[in-house]
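As stored in upload.cif (mmCIF, C-alpha atoms):
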data_model
loop_
_atom_site.label_atom_id
_atom_site.label_comp_id
_atom_site.auth_asym_id
_atom_site.auth_seq_id
_atom_site.Cartn_x
_atom_site.Cartn_y
_atom_site.Cartn_z
CA MET A 1 17.97 24.01 -37.72
CA ASP A 2 16.53 21.69 -40.33
CA ARG A 3 13.58 19.34 -39.93
CA SER A 4 15.65 16.21 -39.27
CA GLU A 5 17.44 17.92 -36.38
CA ILE A 6 14.12 18.98 -34.86
CA VAL A 7 12.74 15.45 -35.20
CA GLU A 8 15.84 14.06 -33.48
CA ILE A 9 15.48 16.50 -30.57
CA MET A 10 11.75 15.80 -30.22
CA LYS A 11 12.45 12.10 -29.62
CA ASP A 12 13.37 13.10 -26.08
CA VAL A 13 10.35 15.39 -25.58
CA TYR A 14 7.21 13.77 -24.17
CA THR A 15 3.62 14.97 -23.91
CA SER A 16 1.70 14.46 -20.63
CA SER A 17 0.17 11.17 -21.74
CA GLU A 18 3.50 9.90 -23.08
CA ALA A 19 5.26 10.94 -19.87
CA ALA A 20 2.67 9.20 -17.69
CA GLU A 21 2.98 6.02 -19.74
CA TYR A 22 6.78 6.19 -19.57
CA LEU A 23 6.66 6.52 -15.76
CA ASN A 24 3.93 3.87 -15.45
CA ILE A 25 1.64 6.26 -13.54
CA SER A 26 -1.64 8.04 -14.17
CA THR A 27 -1.76 11.51 -15.75
CA GLN A 28 -3.39 12.68 -12.52
CA CYS A 29 -0.35 11.51 -10.58
CA LEU A 30 1.92 13.18 -13.14
CA HIS A 31 0.13 16.48 -12.62
CA GLN A 32 0.52 16.02 -8.87
CA LEU A 33 4.29 15.53 -9.33
CA VAL A 34 4.39 18.75 -11.35
CA HIS A 35 2.38 20.54 -8.67
CA ASP A 36 4.78 19.25 -5.99
CA LYS A 37 7.74 20.44 -8.13
CA LYS A 38 9.16 16.90 -8.37
CA ILE A 39 9.10 17.17 -12.16
CA GLU A 40 9.41 20.44 -14.09
CA PRO A 41 7.92 20.64 -17.61
CA ILE A 42 9.99 22.39 -20.25
CA LYS A 43 6.82 24.01 -21.59
CA THR A 44 3.35 24.45 -20.18
CA ASN A 45 0.20 26.30 -21.12
CA LYS A 46 -3.55 25.78 -20.82
CA SER A 47 -3.61 22.93 -23.31
CA ILE A 48 -0.25 21.14 -23.12
CA MET A 49 2.72 20.22 -20.98
CA LEU A 50 5.98 18.96 -22.46
CA PHE A 51 8.68 17.03 -20.59
CA LEU A 52 12.30 16.11 -21.22
CA LYS A 53 13.04 12.39 -21.03
CA SER A 54 16.11 13.07 -18.89
CA ASP A 55 13.90 14.82 -16.30
CA LEU A 56 11.46 11.90 -16.29
CA ASP A 57 14.28 9.42 -15.80
CA LYS A 58 14.96 10.94 -12.38
CA CYS A 59 11.51 9.78 -11.23
CA LYS A 60 11.26 6.55 -13.18
CA VAL A 61 10.91 3.26 -11.32
CA SER A 62 13.84 1.33 -12.69
CA ASN A 63 13.00 -2.29 -11.87
CA VAL A 64 10.21 -2.79 -14.39
CA SER A 65 10.93 -3.48 -18.02
CA ASN A 66 8.62 -3.25 -20.99
CA VAL A 67 11.11 -5.22 -23.05
CA ALA A 68 10.15 -8.81 -23.85
CA VAL A 69 11.95 -11.35 -21.68
CA ASN A 70 12.42 -14.85 -23.04
CA GLU A 71 10.29 -13.74 -25.99
CA GLN A 72 7.29 -13.23 -23.70
CA VAL A 73 5.75 -9.77 -23.91
CA ASN A 74 4.87 -7.98 -20.66
CA GLN A 75 6.87 -10.33 -18.45
CA PHE A 76 8.43 -9.09 -15.24
CA ASN A 77 12.15 -8.48 -15.60
CA ILE A 78 14.12 -10.59 -13.13
CA ASN A 79 17.49 -9.46 -14.48
CA VAL A 80 17.67 -6.46 -12.17
CA PRO A 81 20.16 -6.84 -9.30
CA TYR A 82 17.80 -6.20 -6.42
CA VAL A 83 15.08 -8.35 -7.99
CA ARG A 84 17.67 -11.15 -7.87
CA ASP A 85 18.27 -10.16 -4.23
CA ALA A 86 14.55 -10.55 -3.58
CA ILE A 87 14.45 -13.98 -5.21
CA LEU A 88 17.30 -15.14 -2.95
CA TYR A 89 15.64 -13.52 0.08
CA TYR A 90 12.35 -15.30 -0.52
CA THR A 91 14.18 -18.57 -1.13
CA ILE A 92 15.64 -18.27 2.37
CA GLN A 93 12.24 -17.21 3.72
CA GLN A 94 10.69 -20.49 2.55
CA TYR A 95 12.76 -22.27 5.21
CA PHE A 96 11.39 -20.02 7.96
CA ASN A 97 7.71 -20.52 7.22
CA ASN A 98 7.58 -17.16 5.40
CA ASN A 99 8.52 -15.29 8.58
CA ASP A 100 10.34 -12.01 7.85
CA LYS A 101 11.72 -11.59 11.36
CA ARG A 102 13.38 -15.01 11.50
CA THR A 103 14.58 -14.70 7.90
CA CYS A 104 16.22 -11.33 8.55
CA GLU A 105 17.84 -12.61 11.76
CA PHE A 106 19.35 -15.53 9.82
CA ILE A 107 20.60 -13.22 7.05
CA ASN A 108 22.08 -10.71 9.51
CA GLN A 109 23.92 -13.47 11.38
CA ASN A 110 25.41 -14.74 8.14
CA LYS A 111 26.42 -11.21 7.14
CA MET A 112 28.08 -10.70 10.50
CA PHE A 113 29.88 -14.03 10.92
CA LYS A 114 30.23 -15.43 7.39
CA ASN A 115 30.46 -12.25 5.27
CA PHE A 116 27.30 -13.16 3.38
CA ASN A 117 26.53 -10.80 0.49
CA PHE A 118 23.48 -11.09 -1.78
CA ARG A 119 25.65 -10.19 -4.79
CA SER A 120 28.36 -12.84 -4.25
CA GLY A 121 26.74 -15.21 -6.73
CA LEU A 122 25.00 -18.56 -6.34
CA GLN A 123 28.21 -20.60 -6.45
CA VAL A 124 29.32 -18.89 -3.25
CA ASN A 125 25.94 -18.33 -1.61
CA ILE A 126 24.29 -21.72 -2.06
CA PRO A 127 26.86 -23.72 -0.02
CA LEU A 128 26.97 -20.97 2.63
CA LEU A 129 23.21 -20.66 3.02
CA ALA A 130 22.37 -24.34 2.60
CA GLY A 131 24.92 -25.18 5.30
CA GLY A 132 23.38 -22.68 7.70
CA LEU A 133 19.92 -24.10 7.00
CA ASN A 134 21.08 -27.73 7.29
CA VAL A 135 19.77 -28.63 3.83
CA ALA A 136 21.52 -30.10 0.81
CA ASP A 137 22.94 -27.67 -1.73
CA GLN A 138 20.76 -29.21 -4.46
CA ASP A 139 17.61 -28.82 -2.35
CA PHE A 140 18.36 -25.14 -1.80
CA TYR A 141 19.06 -24.67 -5.53
CA ASN A 142 15.76 -26.39 -6.40
CA MET A 143 13.92 -24.04 -4.02
CA TYR A 144 15.69 -21.06 -5.60
CA GLN A 145 14.56 -22.18 -9.05
CA LYS A 146 10.98 -22.55 -7.80
CA VAL A 147 10.95 -19.02 -6.40
CA LYS A 148 12.60 -17.64 -9.54
CA ALA A 149 9.97 -19.33 -11.73
CA SER A 150 7.20 -17.76 -9.65
CA PHE A 151 8.63 -14.28 -10.28
CA LEU A 152 8.40 -14.96 -14.01
CA THR A 153 4.63 -15.35 -13.63
CA LEU A 154 4.44 -11.63 -12.77
CA THR A 155 3.66 -9.05 -15.43
CA ASP A 156 5.73 -5.96 -16.08
CA ASP A 157 3.19 -3.65 -14.44
CA VAL A 158 4.24 -5.08 -11.07
CA ILE A 159 6.76 -2.87 -9.30
CA LEU A 160 9.06 -4.37 -6.68
CA VAL A 161 10.44 -1.93 -4.12
CA GLN A 162 12.94 -2.57 -1.37
CA LYS A 163 12.95 -0.98 2.07
CA GLY A 164 15.13 2.10 1.76
CA ASP A 165 14.10 2.87 -1.82
CA GLY A 166 12.69 6.30 -2.54
CA ILE A 167 9.27 4.85 -3.36
CA TYR A 168 9.03 2.71 -0.21
CA SER A 169 6.65 4.27 2.34
CA LYS A 170 8.64 6.39 4.77
CA LEU A 171 5.97 5.90 7.44
CA LEU A 172 6.07 2.12 7.09
CA GLU A 173 9.86 2.09 6.96
CA SER A 174 9.96 3.74 10.39
CA THR A 175 8.16 0.76 11.99
CA LYS A 176 9.57 -2.54 13.22
CA ASP A 177 7.00 -4.34 11.06
CA ALA A 178 8.27 -3.09 7.71
CA SER A 179 8.63 -5.87 5.15
CA PRO A 180 11.99 -5.89 3.28
CA PHE A 181 10.16 -5.82 -0.07
CA LEU A 182 6.76 -4.68 -1.35
CA PHE A 183 5.06 -5.67 -4.58
CA LEU A 184 3.02 -2.80 -6.05
CA LYS A 185 0.52 -2.32 -8.85
CA GLY A 186 -0.80 1.11 -9.74
CA ASP A 187 0.07 4.64 -8.67
CA VAL A 188 3.15 3.99 -6.53
CA TYR A 189 3.40 7.63 -5.48
CA LEU A 190 0.27 7.24 -3.35
CA LEU A 191 2.61 5.78 -0.71
CA ASP A 192 3.99 9.32 -0.33
CA GLU A 193 0.59 10.88 0.34
CA LYS A 194 -1.26 11.26 3.62
CA SER A 195 -3.36 8.14 4.14
CA VAL A 196 -5.98 7.05 6.68
CA CYS A 197 -7.12 3.45 7.09
CA VAL A 198 -10.86 2.69 7.37
CA VAL A 199 -11.61 -0.94 8.24
CA GLY A 200 -14.13 -3.12 10.05
CA SER A 201 -16.25 -6.22 10.09
CA ARG A 202 -16.68 -8.63 7.17
CA ASN A 203 -20.30 -8.97 8.30
CA ALA A 204 -21.19 -5.33 8.90
CA SER A 205 -24.59 -3.79 9.51
CA SER A 206 -26.15 -1.68 6.77
CA GLU A 207 -25.91 1.32 9.11
CA SER A 208 -22.13 0.91 9.44
CA MET A 209 -21.79 0.59 5.67
CA VAL A 210 -23.63 3.90 5.17
CA LYS A 211 -21.54 5.62 7.83
CA THR A 212 -18.33 4.26 6.27
CA GLU A 213 -19.28 5.85 2.96
CA ARG A 214 -19.87 9.20 4.67
CA ILE A 215 -16.53 9.18 6.47
CA VAL A 216 -14.64 8.15 3.33
CA LYS A 217 -16.40 10.81 1.28
CA SER A 218 -15.43 13.43 3.85
CA LEU A 219 -11.77 12.32 3.84
CA VAL A 220 -11.27 12.09 0.07
CA LYS A 221 -12.96 15.46 -0.35
CA ARG A 222 -10.08 16.81 1.73
CA ASN A 223 -7.44 14.98 -0.36
CA ILE A 224 -6.76 12.22 2.15
CA VAL A 225 -5.96 8.83 0.63
CA VAL A 226 -8.02 6.07 2.24
CA ASN A 227 -6.74 2.53 2.51
CA ALA A 228 -8.14 -0.82 3.57
CA GLY A 229 -7.53 -4.53 3.11
CA LEU A 230 -9.97 -5.33 0.27
CA ALA A 231 -11.94 -7.65 2.57
CA LYS A 232 -15.73 -7.96 2.40
CA GLU A 233 -18.19 -5.37 3.72
CA ILE A 234 -16.45 -2.40 5.47
CA ASP A 235 -13.16 -2.67 3.53
CA THR A 236 -15.08 -3.00 0.28
CA ALA A 237 -17.23 0.01 1.17
CA THR A 238 -14.08 2.02 1.90
CA HIS A 239 -12.52 1.33 -1.50
CA GLN A 240 -15.77 1.71 -3.45
CA SER A 241 -16.67 4.98 -1.74
CA ALA A 242 -13.23 6.45 -2.45
CA LEU A 243 -13.57 5.59 -6.14
CA LYS A 244 -17.19 6.75 -6.24
CA TYR A 245 -16.29 10.23 -4.98
CA GLY A 246 -13.17 10.65 -7.11
CA GLY A 247 -10.70 9.99 -4.32
CA LYS A 248 -7.56 7.87 -4.06
CA THR A 249 -7.43 4.47 -2.39
CA ILE A 250 -4.82 1.86 -1.52
CA ALA A 251 -5.64 -1.84 -1.09
CA VAL A 252 -3.18 -3.74 1.11
CA ILE A 253 -3.87 -7.37 0.28
CA GLY A 254 -3.13 -10.63 2.10
CA THR A 255 -2.27 -12.55 -1.07
CA PRO A 256 0.52 -12.31 -3.64
CA ILE A 257 0.07 -9.36 -5.99
CA ASN A 258 -1.10 -11.55 -8.89
CA GLN A 259 -3.88 -13.29 -6.94
CA TYR A 260 -7.38 -12.15 -6.03
CA TYR A 261 -9.15 -12.69 -2.73
CA PRO A 262 -12.01 -12.71 -2.01
CA LYS A 263 -13.03 -13.72 -5.53
CA GLU A 264 -16.01 -11.36 -5.34
CA ASN A 265 -13.59 -8.42 -5.22
CA LYS A 266 -11.47 -9.36 -8.24
CA GLU A 267 -12.95 -6.61 -10.43
CA LEU A 268 -12.60 -4.09 -7.61
CA GLN A 269 -8.93 -5.03 -7.18
CA ILE A 270 -8.35 -4.60 -10.92
CA GLU A 271 -10.06 -1.19 -10.79
CA ILE A 272 -7.85 -0.14 -7.87
CA GLU A 273 -4.78 -1.24 -9.84
CA SER A 274 -5.91 1.20 -12.53
CA LYS A 275 -7.11 4.12 -10.37
CA GLY A 276 -5.27 3.66 -7.09
CA LEU A 277 -2.63 1.31 -5.70
CA VAL A 278 -2.53 -2.36 -4.67
CA VAL A 279 0.19 -3.38 -2.19
CA SER A 280 1.35 -6.88 -1.24
CA GLN A 281 4.24 -8.04 0.91
CA PHE A 282 3.85 -11.65 -0.21
CA PRO A 283 5.97 -13.09 -3.05
CA PRO A 284 4.31 -14.96 -5.94
CA CYS A 285 5.74 -18.28 -4.70
CA ASN A 286 3.71 -18.16 -1.49
CA SER A 287 0.38 -19.86 -0.94
CA VAL A 288 -2.58 -17.92 0.39
CA ASN A 289 -2.72 -18.66 4.11
CA ARG A 290 -5.19 -17.35 6.67
CA TRP A 291 -2.34 -15.98 8.80
CA ASN A 292 -1.27 -13.71 5.93
CA PHE A 293 -4.19 -11.40 6.60
CA PRO A 294 -3.38 -10.34 10.18
CA ILE A 295 0.30 -10.02 9.11
CA ARG A 296 -0.65 -7.55 6.39
CA ASN A 297 -2.47 -5.44 9.00
CA ALA A 298 0.94 -4.28 10.23
CA THR A 299 1.71 -2.99 6.74
CA MET A 300 -1.73 -1.42 6.36
CA SER A 301 -1.34 0.41 9.67
CA GLY A 302 2.27 1.24 8.89
CA ILE A 303 1.42 3.26 5.78
CA SER A 304 -1.43 5.03 7.60
CA LEU A 305 -1.49 8.13 9.75
CA ALA A 306 -4.53 6.80 11.63
CA THR A 307 -6.95 3.86 11.64
CA ILE A 308 -10.73 4.12 11.94
CA ILE A 309 -12.48 0.93 13.14
CA MET A 310 -16.05 1.26 11.91
CA GLU A 311 -17.48 -1.95 13.38
CA ALA A 312 -15.96 -5.12 14.82
CA LYS A 313 -16.77 -8.20 16.86
CA GLU A 314 -14.59 -9.37 19.74
CA THR A 315 -12.57 -11.67 17.46
CA SER A 316 -12.49 -9.39 14.40
CA GLU A 317 -9.27 -9.10 12.40
CA ALA A 318 -9.83 -5.33 12.49
CA LEU A 319 -8.74 -5.40 16.14
CA LYS A 320 -5.36 -6.76 15.05
CA GLN A 321 -5.14 -3.60 12.98
CA ALA A 322 -5.88 -1.52 16.09
CA ASP A 323 -3.14 -3.39 18.00
CA TYR A 324 -0.54 -2.61 15.35
CA ALA A 325 -1.70 1.01 15.04
CA LEU A 326 -1.32 1.70 18.76
CA LYS A 327 2.06 -0.08 18.83
CA GLN A 328 3.22 2.03 15.89
CA GLY A 329 2.10 5.28 17.53
CA ARG A 330 -0.86 5.87 15.23
CA ASP A 331 -4.26 7.22 16.25
CA VAL A 332 -7.12 4.74 16.48
CA LEU A 333 -10.68 6.06 16.14
CA ILE A 334 -13.76 4.15 17.37
CA PRO A 335 -17.45 5.17 16.99
CA GLN A 336 -19.16 6.12 20.23
CA SER A 337 -21.96 3.71 19.35
CA ALA A 338 -19.46 0.84 19.72
CA LEU A 339 -18.54 2.04 23.20
CA ASP A 340 -22.23 2.22 24.09
CA ASN A 341 -22.88 -1.33 22.89
CA PRO A 342 -23.18 -3.59 26.00
CA LEU A 343 -22.60 -6.73 23.90
CA ILE A 344 -18.94 -5.97 23.12
CA LYS A 345 -16.03 -5.15 25.45
CA TRP A 346 -13.20 -4.34 23.02
CA PRO A 347 -14.03 -0.61 22.52
CA GLN A 348 -13.50 0.22 26.21
CA LYS A 349 -10.28 -1.80 26.23
CA TYR A 350 -8.84 0.11 23.28
CA VAL A 351 -9.94 3.53 24.58
CA SER A 352 -8.17 2.71 27.85
CA ARG A 353 -5.04 2.03 25.76
CA GLY A 354 -5.24 5.41 24.02
CA ALA A 355 -7.79 5.05 21.22
CA ASN A 356 -10.19 7.94 20.52
CA SER A 357 -13.98 7.83 20.37
CA PHE A 358 -16.02 9.95 17.94
CA LYS A 359 -19.68 10.84 17.42
CA THR A 360 -19.65 12.99 14.29
CA LEU A 361 -17.69 13.57 11.11
CA LYS A 362 -16.42 16.76 12.64
CA ASP A 363 -15.07 14.78 15.60
CA VAL A 364 -13.13 12.60 13.17
CA LEU A 365 -11.51 15.60 11.49
CA GLU A 366 -10.71 17.25 14.83
CA ILE A 367 -9.02 14.09 16.12
CA LEU A 368 -6.98 13.76 12.94
CA ASN A 369 -6.15 17.47 13.01
CA ARG A 370 -4.49 17.29 16.40
CA SER A 371 -2.51 14.13 15.59
CA GLU A 372 1.28 14.51 15.78
CA LEU A 373 1.50 13.13 12.23
CA LEU A 374 -1.45 15.05 10.77
CA ARG A 375 -1.26 18.23 12.82
CA ASN A 376 -3.42 21.02 11.38
CA ILE A 377 -3.89 19.31 8.03
CA PHE A 378 -7.43 20.66 7.78
CA SER A 379 -8.23 24.34 7.44
CA LYS A 380 -11.03 26.14 9.27
CA SER A 381 -13.16 25.93 6.14
CA ASP A 382 -12.57 22.14 6.07
CA MET A 383 -13.78 21.86 9.63
CA ASP A 384 -16.74 24.19 9.21
CA GLY A 385 -17.78 22.54 5.96
CA VAL A 386 -18.60 19.15 7.47
CA LYS A 387 -22.19 18.14 6.82
CA ILE A 388 -24.11 16.67 9.75
CA TYR A 389 -26.86 14.16 9.12
CA THR A 390 -29.89 13.08 11.05
CA ALA A 391 -30.89 9.43 11.25
CA THR A 392 -33.22 10.06 8.29
CA ASN A 393 -30.29 11.32 6.19
CA LYS A 394 -31.57 14.91 6.19
CA ILE A 395 -28.72 17.43 6.33
CA VAL A 396 -29.01 19.87 9.23
CA SER A 397 -26.70 22.36 10.88
CA GLU A 398 -24.10 21.42 13.50
CA SER A 399 -25.92 23.49 16.11
CA LYS A 400 -29.17 21.56 15.78
CA THR A 401 -28.16 17.92 15.89
CA ARG A 402 -25.43 15.40 15.26
CA LEU A 403 -25.28 11.99 13.68
CA LEU A 404 -24.10 9.65 16.39
CA PHE A 405 -21.48 7.20 15.14
#

As structure tokens - that is how I would like this structure written.
Amino acid sequence: MDRSEIVEIMKDVYTSSEAAEYLNISTQCLHQLVHDKKIEPIKTNKSIMLFLKSDLDKCKVSNVSNVAVNEQVNQFNINVPYVRDAILYYTIQQYFNNNDKRTCEFINQNKMFKNFNFRSGLQVNIPLLAGGLNVADQDFYNMYQKVKASFLTLTDDVILVQKGDGIYSKLLESTKDASPFLFLKGDVYLLDEKSVCVVGSRNASSESMVKTERIVKSLVKRNIVVNAGLAKEIDTATHQSALKYGGKTIAVIGTPINQYYPKENKELQIEIESKGLVVSQFPPCNSVNRWNFPIRNATMSGISLATIIMEAKETSEALKQADYALKQGRDVLIPQSALDNPLIKWPQKYVSRGANSFKTLKDVLEILNRSELLRNIFSKSDMDGVKIYTATNKIVSESKTRLLF
């Protein structure tokens, strides 16, 4: 075999860094895929792994293009069939006040009685849909163009997934609250990993912030992904603690994927895009509305195996998260200190509905360990290795004292 033949063959052989870039994931995630036998290198030793392009293609997310569109580099590719489906879906959704349930009901009725098909083309679909919505054809077309233009504001590192796709969270897909599409930025394969949500008040006490860090540290140490909603205080502490201790975190945001809220967390969101995963169910054409945030709690709970409420007032959005979690059959964990607080009534209400109380880190792991979804995830060494703290932060043995949460 001469040199030119070898060069030609090597065009389809990628190093680890090249493979990660080709798949639009981190090298850490690539190594995890190798470990999980989802990708098999053609050669591996202590210093190098080599991959065949054809093997990588089996795992590649196909709806993102690095090719310039309309001569603009890094622009999201809208010329993918199910991206076009999404544009039409969100055009319809604009007429139902961005409500997925009502939008899907309208679409299903038109599929059943009028043979509606997303792929029939605009010439067929605009008169059909506009008639059903009682709007002029031109008005519907103008709305479609508006939604389409908003998709072109996305960059090519945004990944659009549809319910039923391999990347779409299987846990979320099993719930009634699953959004038809998700917009993702970052390590999309984190949706496949075991995740626990840690949320709470936007005006949390310093004590709750410290305890949040301890719980998150304990979870990520045991390879649990932690997720939250990128809100102030407890959510922020959850994400920052996961990153601080080398863990993985998912931010489920209440804005379109290309917007940042609150503005104080813009840099944190960008960091999570790089080291974790950001998830949004809201298209780029939508405004940021206050009701988006409780809606996204259904998604945040849906991707989670359990939710821990670190601190909350009677009207806290975190309680909406607890409602969704219990409805979806997920465990809800509440600190005993919240139950002992005479100024709030919600903890007793949620415990009566099936939530769990906890006093120590070990309690948290034991509750998670007996969950139907997380059964026996932790080994005996995991359970025995939990550090217990006194109020002065001095580490002591389990037999001597416990930090009351």

Inset, instruction - In Å, rounded to a single decimal, give me how far atom CA of Leu172 of chain A is from atom CA of Ile303 of chain A. - result: 5.0 Å

Tell me which protein, DNA and RNA residues are within 12 Å of Cys285 of chain A, counting all atoms listed in the file, leaving out same-chain ones fewer than 5 positions away, and put them as a PDB file with C-alpha atoms, in the frame of the given file.
ATOM      1  CA  ALA A  86      14.550 -10.550  -3.580  1.00  0.00           C
ATOM      2  CA  ILE A  87      14.450 -13.980  -5.210  1.00  0.00           C
ATOM      3  CA  TYR A  89      15.640 -13.520   0.080  1.00  0.00           C
ATOM      4  CA  TYR A  90      12.350 -15.300  -0.520  1.00  0.00           C
ATOM      5  CA  THR A  91      14.180 -18.570  -1.130  1.00  0.00           C
ATOM      6  CA  GLN A  93      12.240 -17.210   3.720  1.00  0.00           C
ATOM      7  CA  GLN A  94      10.690 -20.490   2.550  1.00  0.00           C
ATOM      8  CA  ASN A  98       7.580 -17.160   5.400  1.00  0.00           C
ATOM      9  CA  MET A 143      13.920 -24.040  -4.020  1.00  0.00           C
ATOM     10  CA  TYR A 144      15.690 -21.060  -5.600  1.00  0.00           C
ATOM     11  CA  GLN A 145      14.560 -22.180  -9.050  1.00  0.00           C
ATOM     12  CA  LYS A 146      10.980 -22.550  -7.800  1.00  0.00           C
ATOM     13  CA  VAL A 147      10.950 -19.020  -6.400  1.00  0.00           C
ATOM     14  CA  LYS A 148      12.600 -17.640  -9.540  1.00  0.00           C
ATOM     15  CA  ALA A 149       9.970 -19.330 -11.730  1.00  0.00           C
ATOM     16  CA  SER A 150       7.200 -17.760  -9.650  1.00  0.00           C
ATOM     17  CA  PHE A 151       8.630 -14.280 -10.280  1.00  0.00           C
ATOM     18  CA  LEU A 152       8.400 -14.960 -14.010  1.00  0.00           C
ATOM     19  CA  THR A 153       4.630 -15.350 -13.630  1.00  0.00           C
ATOM     20  CA  LEU A 154       4.440 -11.630 -12.770  1.00  0.00           C
ATOM     21  CA  THR A 255      -2.270 -12.550  -1.070  1.00  0.00           C
ATOM     22  CA  PRO A 256       0.520 -12.310  -3.640  1.00  0.00           C
ATOM     23  CA  ILE A 257       0.070  -9.360  -5.990  1.00  0.00           C
ATOM     24  CA  ASN A 258      -1.100 -11.550  -8.890  1.00  0.00           C
ATOM     25  CA  GLN A 259      -3.880 -13.290  -6.940  1.00  0.00           C
TER      26      GLN A 259
END

Inset, instruction - Run the PyMOL selection byres ((chain A and resi 239-245) around 8) against the file shown and list the residues it catches, as a PyMOL selection string. - result: chain A and resi 213+216-217+220-221+226-228+230+235-238+246-251+268+275

Legend entry - Which of A:Leu277, A:Leu190, A:Ala178, A:Leu171 sits closest to Gly329 of chain A [using all atoms listed in the file]: A:Leu171

Legend entry - Residue nearest Lys327 of chain A among A:Ala306, A:Ala312, A:Val279, A:Val34 (counting all atoms listed in the file):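 Comparing A:Ala306, A:Ala312, A:Val279, A:Val34 against Lys327 of chain A, the winner is A:Ala306.
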
I want to know what sits within 8 Å of Gln162 of chain A, based on only C-alpha atoms, with residues of the same chain fewer than 3 positions away left out; could you give that as a PDB file with C-alpha atoms, in the coordinates of the input?
ATOM      1  CA  TYR A  82      17.800  -6.200  -6.420  1.00  0.00           C
ATOM      2  CA  ASP A 165      14.100   2.870  -1.820  1.00  0.00           C
ATOM      3  CA  TYR A 168       9.030   2.710  -0.210  1.00  0.00           C
ATOM      4  CA  PRO A 180      11.990  -5.890   3.280  1.00  0.00           C
ATOM      5  CA  PHE A 181      10.160  -5.820  -0.070  1.00  0.00           C
ATOM      6  CA  LEU A 182       6.760  -4.680  -1.350  1.00  0.00           C
TER       7      LEU A 182
END

Inset, instruction - With a distance cut-off of 12 Å and only C-alpha atoms, select the neighbouring residues of Gly254 of chain A, excluding the residue or stretch itself and same-chain residues fewer than 4 positions from it, and output the selection as a ChimeraX atom specification. - result: /A:183,228-231,258-262,278-284,286-300

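Straight-line separation from atom CA of Lys114 of chain A to atom CA of Asn134 of chain A: 15.3 Å.
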
Using only C-alpha atoms, what residues lie at most 6 Å away from (0.9, -1.1, 11.8) (file coordinates), given as a tab-separated table (two decimals) with C-alpha atoms, keeping the file's coordinate frame?
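So the final result, stored in out.tsv, reads:
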chain	number	residue	atom	x	y	z
A	298	ALA	CA	0.94	-4.28	10.23
A	299	THR	CA	1.71	-2.99	6.74
A	301	SER	CA	-1.34	0.41	9.67
A	302	GLY	CA	2.27	1.24	8.89
A	324	TYR	CA	-0.54	-2.61	15.35
A	325	ALA	CA	-1.70	1.01	15.04
A	328	GLN	CA	3.22	2.03	15.89

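Using all atoms listed in the file, the nearest neighbour of Leu23 of chain A within the list A:Ile253, A:Ala355, A:Ile159, A:Ile344 is A:Ile159.
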
Inset, instruction - Please write as an NGL selection string the full residue list that the PyMOL selection byres ((chain A and resi 202) around 6) yields on this file. - result: :A and (201 or 203-204 or 232-233)
